[in-house]
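This is model-v3.txt (compact mmCIF, C-alpha atoms).
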```txt
# COMPACT_ATOMS: atom_id res chain seq x y z
CA MET A 1 -19.69 70.17 4.95
CA GLY A 2 -20.59 66.51 4.46
CA SER A 3 -17.00 65.44 3.91
CA SER A 4 -15.61 67.13 7.06
CA ILE A 5 -14.96 65.20 10.23
CA SER A 6 -15.62 66.57 13.68
CA SER A 7 -13.13 66.56 16.57
CA LYS A 8 -15.22 63.90 18.34
CA ASP A 9 -14.81 61.59 15.38
CA VAL A 10 -11.04 62.16 15.40
CA ILE A 11 -10.86 61.44 19.15
CA ALA A 12 -12.95 58.29 18.69
CA LEU A 13 -10.64 57.18 15.89
CA LEU A 14 -7.54 57.77 18.04
CA VAL A 15 -9.09 55.87 20.95
CA PHE A 16 -9.94 52.98 18.65
CA ALA A 17 -6.35 52.96 17.29
CA ALA A 18 -4.95 53.00 20.84
CA VAL A 19 -7.17 50.08 21.91
CA LEU A 20 -6.23 48.16 18.76
CA ILE A 21 -2.51 48.71 19.38
CA PHE A 22 -2.91 47.61 23.01
CA MET A 23 -4.74 44.46 21.96
CA LEU A 24 -2.08 43.64 19.36
CA GLY A 25 0.65 44.18 21.97
CA ALA A 26 -1.11 41.93 24.46
CA LEU A 27 -1.65 39.26 21.81
CA THR A 28 2.02 39.42 20.82
CA ALA A 29 3.09 39.06 24.47
CA LEU A 30 0.80 36.05 24.94
CA MET A 31 2.09 34.44 21.74
CA ARG A 32 5.69 34.93 22.84
CA ARG A 33 4.94 33.44 26.25
CA SER A 34 3.16 30.49 24.67
CA SER A 35 6.03 29.97 22.22
CA TYR A 36 8.57 30.09 25.06
CA ARG A 37 6.66 27.51 27.09
CA ALA A 38 6.22 25.31 24.03
CA SER A 39 9.96 25.44 23.34
CA ILE A 40 10.70 24.36 26.92
CA GLU A 41 8.23 21.48 26.70
CA ASN A 42 9.66 20.46 23.35
CA ARG A 43 13.13 20.43 24.83
CA LEU A 44 12.14 18.32 27.82
CA ARG A 45 10.08 15.85 25.82
CA VAL A 46 11.59 13.12 23.65
CA THR A 47 9.39 12.94 20.57
CA GLU A 48 8.85 10.15 18.10
CA THR A 49 10.65 12.15 15.43
CA SER A 50 13.94 12.16 17.36
CA LYS A 51 15.51 9.83 14.80
CA ILE A 52 15.32 9.38 11.02
CA GLU A 53 14.59 5.67 10.79
CA THR A 54 14.99 4.90 7.07
CA GLN A 55 16.92 6.16 4.08
CA SER A 56 13.66 6.87 2.24
CA GLU A 57 12.69 9.22 5.05
CA LEU A 58 16.05 10.96 4.70
CA VAL A 59 15.43 11.41 0.95
CA ARG A 60 11.95 12.77 1.65
CA ILE A 61 13.30 15.33 4.12
CA ARG A 62 15.97 16.41 1.66
CA ARG A 63 13.44 16.94 -1.12
CA SER A 64 11.13 18.89 1.19
CA ARG A 65 14.09 21.20 1.90
CA SER A 66 14.71 21.90 -1.85
CA LEU A 67 17.57 19.40 -2.07
CA SER A 68 18.06 16.49 -4.42
CA SER A 69 17.86 12.91 -3.15
CA ASP A 70 21.65 12.81 -2.69
CA GLY A 71 21.78 16.13 -0.82
CA HIS A 72 22.83 18.55 -3.56
CA TYR A 73 21.11 21.79 -4.59
CA GLN A 74 17.98 21.12 -6.61
CA LEU A 75 17.61 24.46 -8.41
CA PRO A 76 19.93 25.97 -11.03
CA LEU A 77 19.76 29.28 -9.11
CA VAL A 78 22.12 28.35 -6.28
CA SER A 79 21.63 31.57 -4.31
CA LEU A 80 17.84 31.17 -4.32
CA ASN A 81 18.14 27.47 -3.46
CA LYS A 82 20.48 28.30 -0.58
CA LEU A 83 18.09 30.98 0.70
CA MET A 84 15.14 28.57 0.68
CA LEU A 85 17.25 25.89 2.36
CA GLN A 86 18.62 28.12 5.11
CA SER A 87 15.22 29.68 5.81
CA GLY A 88 13.81 26.27 6.71
CA SER A 89 10.93 26.76 4.26
CA LYS A 90 9.26 23.66 2.88
CA ILE A 91 7.07 25.31 0.24
CA GLY A 92 9.38 24.24 -2.60
CA PHE A 93 10.26 26.08 -5.77
CA PHE A 94 6.81 25.76 -7.35
CA GLY A 95 5.18 27.01 -4.16
CA LEU A 96 7.49 30.04 -4.22
CA VAL A 97 6.59 30.70 -7.87
CA ILE A 98 2.88 30.58 -7.00
CA ILE A 99 3.37 33.03 -4.13
CA MET A 100 5.36 35.38 -6.36
CA ALA A 101 2.68 35.23 -9.07
CA PHE A 102 -0.10 35.94 -6.57
CA THR A 103 1.84 38.86 -5.05
CA ALA A 104 2.57 40.32 -8.49
CA PHE A 105 -1.08 39.99 -9.56
CA THR A 106 -2.28 41.67 -6.35
CA ALA A 107 0.17 44.56 -6.77
CA PHE A 108 -0.80 44.97 -10.44
CA ALA A 109 -4.53 44.99 -9.62
CA ALA A 110 -4.04 47.48 -6.76
CA ALA A 111 -2.07 49.82 -9.03
CA LEU A 112 -4.79 49.69 -11.69
CA ILE A 113 -7.51 50.33 -9.10
CA LEU A 114 -5.57 53.39 -7.90
CA LYS A 115 -5.23 54.48 -11.55
CA LEU A 116 -1.44 54.72 -11.39
CA GLY A 117 -1.01 53.71 -15.00
CA ALA A 118 -0.06 50.48 -16.76
CA ALA A 119 3.69 51.18 -16.69
CA ILE A 120 3.80 51.79 -12.93
CA ALA A 121 1.52 48.79 -12.39
CA LEU A 122 3.89 46.51 -14.31
CA ILE A 123 6.97 47.84 -12.52
CA GLY A 124 5.27 47.51 -9.13
CA ALA A 125 4.07 43.99 -9.91
CA PHE A 126 7.58 42.93 -10.95
CA VAL A 127 9.33 44.53 -7.97
CA LEU A 128 6.83 43.46 -5.31
CA GLY A 129 6.16 40.05 -6.84
CA ILE A 130 9.81 39.11 -6.55
CA GLY A 131 10.95 41.36 -3.72
CA LEU A 132 8.34 40.61 -1.04
CA PRO A 133 8.68 36.78 -1.08
CA ILE A 134 12.49 37.07 -1.17
CA ALA A 135 12.43 39.56 1.71
CA PHE A 136 10.15 37.22 3.68
CA LEU A 137 12.51 34.29 3.08
CA ARG A 138 15.48 36.40 4.18
CA ARG A 139 13.60 37.31 7.34
CA MET A 140 12.86 33.64 8.00
CA ARG A 141 16.51 32.77 7.44
CA ASP A 142 17.76 35.49 9.81
CA ARG A 143 15.36 34.42 12.56
CA ARG A 144 16.29 30.77 12.12
CA GLN A 145 20.01 31.53 12.23
CA SER A 146 19.51 33.69 15.30
CA ARG A 147 17.69 30.84 17.05
CA PHE A 148 20.41 28.41 15.95
CA GLU A 149 23.05 30.78 17.35
CA GLU A 150 21.31 30.80 20.74
CA GLN A 151 21.20 27.00 20.85
CA LEU A 152 24.71 26.34 19.54
CA PRO A 153 26.69 26.68 22.82
CA ASP A 154 24.34 24.23 24.57
CA ALA A 155 24.68 21.84 21.63
CA ILE A 156 28.47 22.02 21.88
CA ASP A 157 28.28 21.30 25.62
CA THR A 158 26.16 18.24 24.83
CA LEU A 159 28.77 17.10 22.31
CA VAL A 160 31.56 17.58 24.86
CA ARG A 161 29.77 15.62 27.57
CA SER A 162 29.09 12.77 25.16
CA LEU A 163 32.69 12.69 23.94
CA ARG A 164 34.07 12.69 27.48
CA ALA A 165 31.74 9.81 28.28
CA GLY A 166 33.56 7.79 25.63
CA HIS A 167 31.09 8.01 22.74
CA ALA A 168 32.06 8.54 19.11
CA LEU A 169 31.40 11.90 17.52
CA ALA A 170 28.62 10.46 15.33
CA VAL A 171 26.85 9.21 18.46
CA ALA A 172 27.33 12.61 20.11
CA ILE A 173 25.76 14.34 17.09
CA ALA A 174 22.78 11.98 17.26
CA SER A 175 22.45 12.82 20.96
CA VAL A 176 22.17 16.53 20.15
CA GLY A 177 19.50 15.81 17.55
CA ARG A 178 17.59 13.66 20.00
CA ASN A 179 17.67 15.95 23.03
CA MET A 180 17.53 19.50 21.65
CA ALA A 181 14.67 21.47 20.14
CA ASP A 182 14.48 22.66 16.55
CA PRO A 183 16.06 24.11 14.52
CA ILE A 184 19.34 22.73 15.84
CA GLY A 185 17.78 19.39 16.76
CA ALA A 186 16.38 18.85 13.27
CA GLU A 187 19.66 19.77 11.58
CA PHE A 188 21.74 17.48 13.79
CA ARG A 189 19.24 14.64 13.28
CA LEU A 190 19.66 15.07 9.55
CA THR A 191 23.45 15.08 9.92
CA ALA A 192 23.36 11.92 12.03
CA ALA A 193 21.16 10.23 9.42
CA GLU A 194 23.56 11.21 6.61
CA VAL A 195 26.44 9.61 8.53
CA THR A 196 24.33 6.52 9.22
CA TYR A 197 23.43 6.05 5.55
CA GLY A 198 26.86 6.38 3.98
CA LEU A 199 28.36 9.87 4.17
CA ASP A 200 31.65 10.43 5.93
CA LEU A 201 31.55 12.66 8.99
CA GLU A 202 33.46 15.57 7.44
CA THR A 203 31.15 15.79 4.41
CA ALA A 204 28.07 15.53 6.63
CA MET A 205 29.33 18.45 8.76
CA ILE A 206 30.00 20.52 5.62
CA ASN A 207 26.42 19.81 4.52
CA LEU A 208 25.23 20.96 7.95
CA ARG A 209 27.05 24.25 7.54
CA SER A 210 25.54 24.74 4.07
CA ARG A 211 22.01 24.03 5.29
CA VAL A 212 22.24 26.50 8.19
CA GLY A 213 24.65 29.21 7.02
CA GLN A 214 25.40 30.37 10.56
CA ALA A 215 28.89 31.86 10.87
CA ASP A 216 29.90 30.21 14.16
CA LEU A 217 29.07 26.77 12.85
CA ALA A 218 32.01 27.00 10.45
CA LEU A 219 34.35 26.91 13.48
CA ILE A 220 32.93 23.58 14.60
CA VAL A 221 33.16 22.13 11.08
CA LEU A 222 36.79 23.26 10.89
CA ALA A 223 37.59 21.74 14.28
CA VAL A 224 36.03 18.41 13.30
CA SER A 225 37.89 18.44 9.98
CA ILE A 226 41.27 19.13 11.63
CA GLN A 227 40.68 16.50 14.31
CA ALA A 228 39.70 13.90 11.70
CA ARG A 229 42.92 14.50 9.74
CA THR A 230 45.53 15.16 12.44
CA GLY A 231 43.95 13.92 15.67
CA GLY A 232 43.79 15.80 18.96
CA ASN A 233 41.50 16.35 21.92
CA LEU A 234 38.25 17.35 20.22
CA ALA A 235 36.40 17.73 23.54
CA GLU A 236 38.88 20.36 24.72
CA ILE A 237 38.70 22.19 21.39
CA LEU A 238 34.91 22.26 21.47
CA THR A 239 34.92 23.50 25.08
CA ASN A 240 37.04 26.48 24.06
CA LEU A 241 34.81 27.08 21.03
CA SER A 242 31.73 27.11 23.25
CA SER A 243 33.27 29.86 25.39
CA VAL A 244 34.24 31.89 22.31
CA ILE A 245 30.79 31.54 20.73
CA ARG A 246 29.08 32.64 23.95
CA SER A 247 31.31 35.72 24.10
CA ARG A 248 30.58 36.56 20.47
CA PHE A 249 26.86 36.10 21.08
CA LYS A 250 26.96 38.60 23.98
CA LEU A 251 28.91 41.06 21.83
CA ARG A 252 26.37 40.74 19.00
CA ARG A 253 23.50 41.41 21.41
CA ARG A 254 25.30 44.47 22.73
CA ALA A 255 25.88 45.79 19.20
CA HIS A 256 22.21 45.12 18.41
CA ALA A 257 21.16 47.17 21.44
CA LEU A 258 23.50 50.05 20.56
CA SER A 259 22.14 50.22 17.00
CA ALA A 260 18.50 50.24 18.13
CA GLU A 261 18.29 54.04 17.88
CA GLY A 262 19.25 53.98 14.20
CA ARG A 263 16.70 51.29 13.41
CA PHE A 264 13.96 53.16 15.24
CA SER A 265 14.86 56.37 13.39
CA ALA A 266 14.59 54.61 10.05
CA ILE A 267 11.18 53.17 10.94
CA LEU A 268 9.89 56.49 12.27
CA LEU A 269 11.16 58.55 9.34
CA SER A 270 9.54 56.10 6.93
CA PHE A 271 6.24 55.99 8.80
CA ILE A 272 5.65 59.72 9.37
CA PRO A 273 5.24 60.82 5.70
CA VAL A 274 2.87 57.94 4.93
CA ALA A 275 0.88 58.54 8.13
CA LEU A 276 0.64 62.30 7.52
CA PHE A 277 -0.47 61.78 3.92
CA SER A 278 -3.10 59.23 5.01
CA VAL A 279 -4.44 61.44 7.83
CA LEU A 280 -4.76 64.48 5.55
CA LEU A 281 -6.46 62.41 2.88
CA PHE A 282 -8.86 60.95 5.45
CA ILE A 283 -9.73 64.18 7.25
CA SER A 284 -9.98 66.35 4.16
CA PRO A 285 -10.29 64.38 0.90
CA ASN A 286 -10.23 67.60 -1.14
CA TYR A 287 -7.10 68.97 0.55
CA TYR A 288 -4.85 68.33 -2.44
CA GLY A 289 -7.48 69.65 -4.87
CA ASP A 290 -6.52 69.86 -8.51
CA ILE A 291 -2.85 69.27 -7.76
CA TRP A 292 -3.47 65.52 -7.47
CA GLY A 293 -4.48 65.40 -11.12
CA HIS A 294 -1.32 67.15 -12.34
CA PRO A 295 0.78 64.83 -14.58
CA LEU A 296 3.98 65.49 -12.60
CA VAL A 297 2.57 64.62 -9.17
CA LYS A 298 2.61 60.84 -9.43
CA PRO A 299 6.13 60.57 -10.92
CA VAL A 300 7.44 62.92 -8.24
CA LEU A 301 5.73 60.89 -5.51
CA GLY A 302 7.15 57.70 -7.01
CA GLY A 303 10.63 59.21 -7.01
CA ALA A 304 10.17 60.33 -3.39
CA VAL A 305 9.17 56.80 -2.37
CA LEU A 306 12.19 55.31 -4.14
CA TRP A 307 14.47 57.89 -2.52
CA MET A 308 12.99 57.08 0.89
CA ILE A 309 13.56 53.36 0.29
CA PHE A 310 17.17 54.12 -0.66
CA GLY A 311 17.60 56.14 2.54
CA ASP A 312 16.19 53.25 4.58
CA TYR A 313 18.66 50.89 2.92
CA VAL A 314 21.57 53.21 3.73
CA MET A 315 20.48 53.46 7.37
CA TYR A 316 20.04 49.69 7.49
CA ARG A 317 23.61 49.19 6.29
CA MET A 318 24.87 51.72 8.81
CA VAL A 319 23.26 50.04 11.83
CA ARG A 320 24.01 46.47 10.72
CA ILE A 321 27.16 45.67 12.71
CA ARG A 322 28.84 42.37 11.98
CA VAL A 323 30.75 40.73 14.83
```

Any chance you could put this one into structure tokens?
Amino acid sequence: MGSSISSKDVIALLVFAAVLIFMLGALTALMRRSSYRASIENRLRVTETSKIETQSELVRIRRSRSLSSDGHYQLPLVSLNKLMLQSGSKIGFFGLVIIMAFTAFTAFAAALILKLGAAIALIGAFVLGIGLPIAFLRRMRDRRQSRFEEQLPDAIDTLVRSLRAGHALAVAIASVGRNMADPIGAEFRLTAAEVTYGLDLETAMINLRSRVGQADLALIVLAVSIQARTGGNLAEILTNLSSVIRSRFKLRRRAHALSAEGRFSAILLSFIPVALFSVLLFISPNYYGDIWGHPLVKPVLGGAVLWMIFGDYVMYRMVRIRV
């Protein structure tokens, strides 16, 4: 029959898929190597942006990060504003609205093309239009916080060395912003600029914690706050914190490795039904026959997809271990 596919065509398709996967893997490895080398060069090189020179530049950076000119949240939706801030995104609220509208329109058009019905198209447009950009921002935030967590012990060591050399804490913070790569360098530069242009050190550190949202950073803010009010050897406190944070980082990595099996199971169990459905539809388009036109098929498939998403969420919560 004209619609059937021979075994040679299937083998050719599998070979093409294997070559494509290999090329994507090689490209990913090269990009990671290039990113690693770029991060080393960025760390060793003192750039022209190592200091915020004027207060107008500070205001511009705040506004680009969805903050008001005085450093407060710009949007009435605090949770969304905090997510955009902690993700490091500079698209702004209107840029996010445009992305959501484009995603919703694409999902709605795809649902109409597939003849899923107006109701399903509207529901899909609403869910995907809001859910996908939010999920992408959450992913950006998690990656940024993970990178910040890796850099934090080295930043604390830089603070300790500067304090033991006799510098003030504000000078030590500026040293971290000047000598370390982003994201921690950019955040400490912004903190140093806030102290320079009028904020007290404790408030500037609280703002730093709000902008990043990383759990270990709260320990440093607390140590600075206690030292500012009661005194004490801040260098010794930060040294102990650096050791604790490194131990917690190792424990988190170990928990991440132990939960890898659950994450892989969730990905595999989600991929197999979609892959099997696609392969059957590609090899034999008439395999489902008249069943595909039955009025109960599409609602049942929609319910199965929602149930699968719920199962993925449950497995995600099971393998997400907080340390």

Problem set entry | One-decimal distance in Å that lies between CA of Asn286 in chain A and CA of Ser270 in chain A |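 That distance, rounded to one decimal, is 24.3 Å.
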
For this session: Could you give me, as a VMD selection string, the residues that have an atom at most 12 Å away from the point (17.8, 16.3, 11.8) in the coordinates of the file, using all atoms listed in the file?
Result: chain A and resid 49 to 53 57 to 58 61 to 62 65 88 173 to 195 204 207 to 208 211 to 212

Store the residues of this selection in a file with C-alpha atoms, as a PDB file, keeping the file's coordinate frame.
```
ATOM      1  CA  THR A  49      10.650  12.150  15.430  1.00  0.00           C
ATOM      2  CA  SER A  50      13.940  12.160  17.360  1.00  0.00           C
ATOM      3  CA  LYS A  51      15.510   9.830  14.800  1.00  0.00           C
ATOM      4  CA  ILE A  52      15.320   9.380  11.020  1.00  0.00           C
ATOM      5  CA  GLU A  53      14.590   5.670  10.790  1.00  0.00           C
ATOM      6  CA  GLU A  57      12.690   9.220   5.050  1.00  0.00           C
ATOM      7  CA  LEU A  58      16.050  10.960   4.700  1.00  0.00           C
ATOM      8  CA  ILE A  61      13.300  15.330   4.120  1.00  0.00           C
ATOM      9  CA  ARG A  62      15.970  16.410   1.660  1.00  0.00           C
ATOM     10  CA  ARG A  65      14.090  21.200   1.900  1.00  0.00           C
ATOM     11  CA  GLY A  88      13.810  26.270   6.710  1.00  0.00           C
ATOM     12  CA  ILE A 173      25.760  14.340  17.090  1.00  0.00           C
ATOM     13  CA  ALA A 174      22.780  11.980  17.260  1.00  0.00           C
ATOM     14  CA  SER A 175      22.450  12.820  20.960  1.00  0.00           C
ATOM     15  CA  VAL A 176      22.170  16.530  20.150  1.00  0.00           C
ATOM     16  CA  GLY A 177      19.500  15.810  17.550  1.00  0.00           C
ATOM     17  CA  ARG A 178      17.590  13.660  20.000  1.00  0.00           C
ATOM     18  CA  ASN A 179      17.670  15.950  23.030  1.00  0.00           C
ATOM     19  CA  MET A 180      17.530  19.500  21.650  1.00  0.00           C
ATOM     20  CA  ALA A 181      14.670  21.470  20.140  1.00  0.00           C
ATOM     21  CA  ASP A 182      14.480  22.660  16.550  1.00  0.00           C
ATOM     22  CA  PRO A 183      16.060  24.110  14.520  1.00  0.00           C
ATOM     23  CA  ILE A 184      19.340  22.730  15.840  1.00  0.00           C
ATOM     24  CA  GLY A 185      17.780  19.390  16.760  1.00  0.00           C
ATOM     25  CA  ALA A 186      16.380  18.850  13.270  1.00  0.00           C
ATOM     26  CA  GLU A 187      19.660  19.770  11.580  1.00  0.00           C
ATOM     27  CA  PHE A 188      21.740  17.480  13.790  1.00  0.00           C
ATOM     28  CA  ARG A 189      19.240  14.640  13.280  1.00  0.00           C
ATOM     29  CA  LEU A 190      19.660  15.070   9.550  1.00  0.00           C
ATOM     30  CA  THR A 191      23.450  15.080   9.920  1.00  0.00           C
ATOM     31  CA  ALA A 192      23.360  11.920  12.030  1.00  0.00           C
ATOM     32  CA  ALA A 193      21.160  10.230   9.420  1.00  0.00           C
ATOM     33  CA  GLU A 194      23.560  11.210   6.610  1.00  0.00           C
ATOM     34  CA  VAL A 195      26.440   9.610   8.530  1.00  0.00           C
ATOM     35  CA  ALA A 204      28.070  15.530   6.630  1.00  0.00           C
ATOM     36  CA  ASN A 207      26.420  19.810   4.520  1.00  0.00           C
ATOM     37  CA  LEU A 208      25.230  20.960   7.950  1.00  0.00           C
ATOM     38  CA  ARG A 211      22.010  24.030   5.290  1.00  0.00           C
ATOM     39  CA  VAL A 212      22.240  26.500   8.190  1.00  0.00           C
TER      40      VAL A 212
END
```

For this session: Find, counting all atoms listed in the file, the residue in A:Phe136, A:Asn240, A:Lys82, A:Ala119 that gets nearest to Arg209 in chain A.
Result: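 Going through A:Phe136, A:Asn240, A:Lys82, A:Ala119 one by one, the smallest distance to Arg209 in chain A is for A:Lys82.
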
Problem set entry | Exercise: range 151-163 of chain A partners within 7 Å, all atoms listed in the file, chain neighbours under 6 positions left out, as a PyMOL selection string | chain A and resi 169+172-173+176+184+235+238-239+242+245-246

Could you write those residues out with C-alpha atoms, as a PDB file, in the frame of the given file?
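The new file again15.pdb reads:
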```pdb
ATOM      1  CA  LEU A 169      31.400  11.900  17.520  1.00  0.00           C
ATOM      2  CA  ALA A 172      27.330  12.610  20.110  1.00  0.00           C
ATOM      3  CA  ILE A 173      25.760  14.340  17.090  1.00  0.00           C
ATOM      4  CA  VAL A 176      22.170  16.530  20.150  1.00  0.00           C
ATOM      5  CA  ILE A 184      19.340  22.730  15.840  1.00  0.00           C
ATOM      6  CA  ALA A 235      36.400  17.730  23.540  1.00  0.00           C
ATOM      7  CA  LEU A 238      34.910  22.260  21.470  1.00  0.00           C
ATOM      8  CA  THR A 239      34.920  23.500  25.080  1.00  0.00           C
ATOM      9  CA  SER A 242      31.730  27.110  23.250  1.00  0.00           C
ATOM     10  CA  ILE A 245      30.790  31.540  20.730  1.00  0.00           C
ATOM     11  CA  ARG A 246      29.080  32.640  23.950  1.00  0.00           C
TER      12      ARG A 246
END
```

Exercise. Expressed in Å to a single decimal, how great is the separation between CA of Leu116 in chain A and CA of Val314 in chain A?
Worked result: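 Taking CA of Leu116 in chain A as the start and CA of Val314 in chain A as the end point, the length is 27.6 Å.
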
Problem set entry | Surrounding residues of Arg254 in chain A excluding itself and chain neighbours under 6 positions, 12 Å, only C-alpha atoms, as an MDAnalysis selection string | chainID A and resid 247:248 260 321:323

Exercise. At a cut-off of 12 Å from (37.3, 26.6, 14.0) in the coordinates of the file, what residues are picked up using all atoms listed in the file, written as an MDAnalysis selection string?
Worked result: chainID A and resid 215:227 234 237:242 244:245

For this session: Grab the CA of Arg229 in chain A to CA of Ser210 in chain A distance for me, in Å with one decimal place.
Result: 21.0 Å

Since the input is missing atoms, can you rebuild N, CA and C atoms for range 88-104 of chain A and write them as a PDB file, keeping the file's coordinate frame?
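To be explicit, this is the file written out as rebuild.pdb:
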```pdb
ATOM      1  N   GLY A  88      14.606  27.344   6.142  1.00  0.00           N
ATOM      2  CA  GLY A  88      13.810  26.270   6.710  1.00  0.00           C
ATOM      3  C   GLY A  88      12.460  26.115   6.050  1.00  0.00           C
ATOM      4  N   SER A  89      12.219  26.831   4.953  1.00  0.00           N
ATOM      5  CA  SER A  89      10.930  26.760   4.260  1.00  0.00           C
ATOM      6  C   SER A  89      10.785  25.426   3.554  1.00  0.00           C
ATOM      7  N   LYS A  90       9.549  24.920   3.543  1.00  0.00           N
ATOM      8  CA  LYS A  90       9.260  23.660   2.880  1.00  0.00           C
ATOM      9  C   LYS A  90       8.217  23.825   1.777  1.00  0.00           C
ATOM     10  N   ILE A  91       8.070  25.064   1.276  1.00  0.00           N
ATOM     11  CA  ILE A  91       7.070  25.310   0.240  1.00  0.00           C
ATOM     12  C   ILE A  91       7.551  24.825  -1.124  1.00  0.00           C
ATOM     13  N   GLY A  92       8.864  24.686  -1.321  1.00  0.00           N
ATOM     14  CA  GLY A  92       9.380  24.240  -2.600  1.00  0.00           C
ATOM     15  C   GLY A  92       9.428  25.353  -3.627  1.00  0.00           C
ATOM     16  N   PHE A  93      10.092  25.058  -4.744  1.00  0.00           N
ATOM     17  CA  PHE A  93      10.260  26.080  -5.770  1.00  0.00           C
ATOM     18  C   PHE A  93       8.930  26.460  -6.409  1.00  0.00           C
ATOM     19  N   PHE A  94       8.094  25.458  -6.709  1.00  0.00           N
ATOM     20  CA  PHE A  94       6.810  25.760  -7.350  1.00  0.00           C
ATOM     21  C   PHE A  94       5.888  26.533  -6.404  1.00  0.00           C
ATOM     22  N   GLY A  95       5.947  26.231  -5.120  1.00  0.00           N
ATOM     23  CA  GLY A  95       5.180  27.010  -4.160  1.00  0.00           C
ATOM     24  C   GLY A  95       5.636  28.451  -4.111  1.00  0.00           C
ATOM     25  N   LEU A  96       6.965  28.677  -4.198  1.00  0.00           N
ATOM     26  CA  LEU A  96       7.490  30.040  -4.220  1.00  0.00           C
ATOM     27  C   LEU A  96       7.049  30.773  -5.487  1.00  0.00           C
ATOM     28  N   VAL A  97       7.038  30.080  -6.615  1.00  0.00           N
ATOM     29  CA  VAL A  97       6.590  30.700  -7.870  1.00  0.00           C
ATOM     30  C   VAL A  97       5.123  31.110  -7.768  1.00  0.00           C
ATOM     31  N   ILE A  98       4.304  30.252  -7.159  1.00  0.00           N
ATOM     32  CA  ILE A  98       2.880  30.580  -7.000  1.00  0.00           C
ATOM     33  C   ILE A  98       2.704  31.804  -6.114  1.00  0.00           C
ATOM     34  N   ILE A  99       3.459  31.873  -5.034  1.00  0.00           N
ATOM     35  CA  ILE A  99       3.370  33.030  -4.130  1.00  0.00           C
ATOM     36  C   ILE A  99       3.820  34.303  -4.838  1.00  0.00           C
ATOM     37  N   MET A 100       4.893  34.211  -5.616  1.00  0.00           N
ATOM     38  CA  MET A 100       5.360  35.380  -6.360  1.00  0.00           C
ATOM     39  C   MET A 100       4.317  35.838  -7.375  1.00  0.00           C
ATOM     40  N   ALA A 101       3.701  34.873  -8.080  1.00  0.00           N
ATOM     41  CA  ALA A 101       2.680  35.230  -9.070  1.00  0.00           C
ATOM     42  C   ALA A 101       1.476  35.888  -8.409  1.00  0.00           C
ATOM     43  N   PHE A 102       1.051  35.354  -7.272  1.00  0.00           N
ATOM     44  CA  PHE A 102      -0.100  35.940  -6.570  1.00  0.00           C
ATOM     45  C   PHE A 102       0.226  37.341  -6.068  1.00  0.00           C
ATOM     46  N   THR A 103       1.436  37.533  -5.536  1.00  0.00           N
ATOM     47  CA  THR A 103       1.840  38.860  -5.050  1.00  0.00           C
ATOM     48  C   THR A 103       1.907  39.858  -6.202  1.00  0.00           C
ATOM     49  N   ALA A 104       2.474  39.428  -7.332  1.00  0.00           N
ATOM     50  CA  ALA A 104       2.570  40.320  -8.490  1.00  0.00           C
ATOM     51  C   ALA A 104       1.183  40.686  -9.017  1.00  0.00           C
TER      52      ALA A 104
END
```
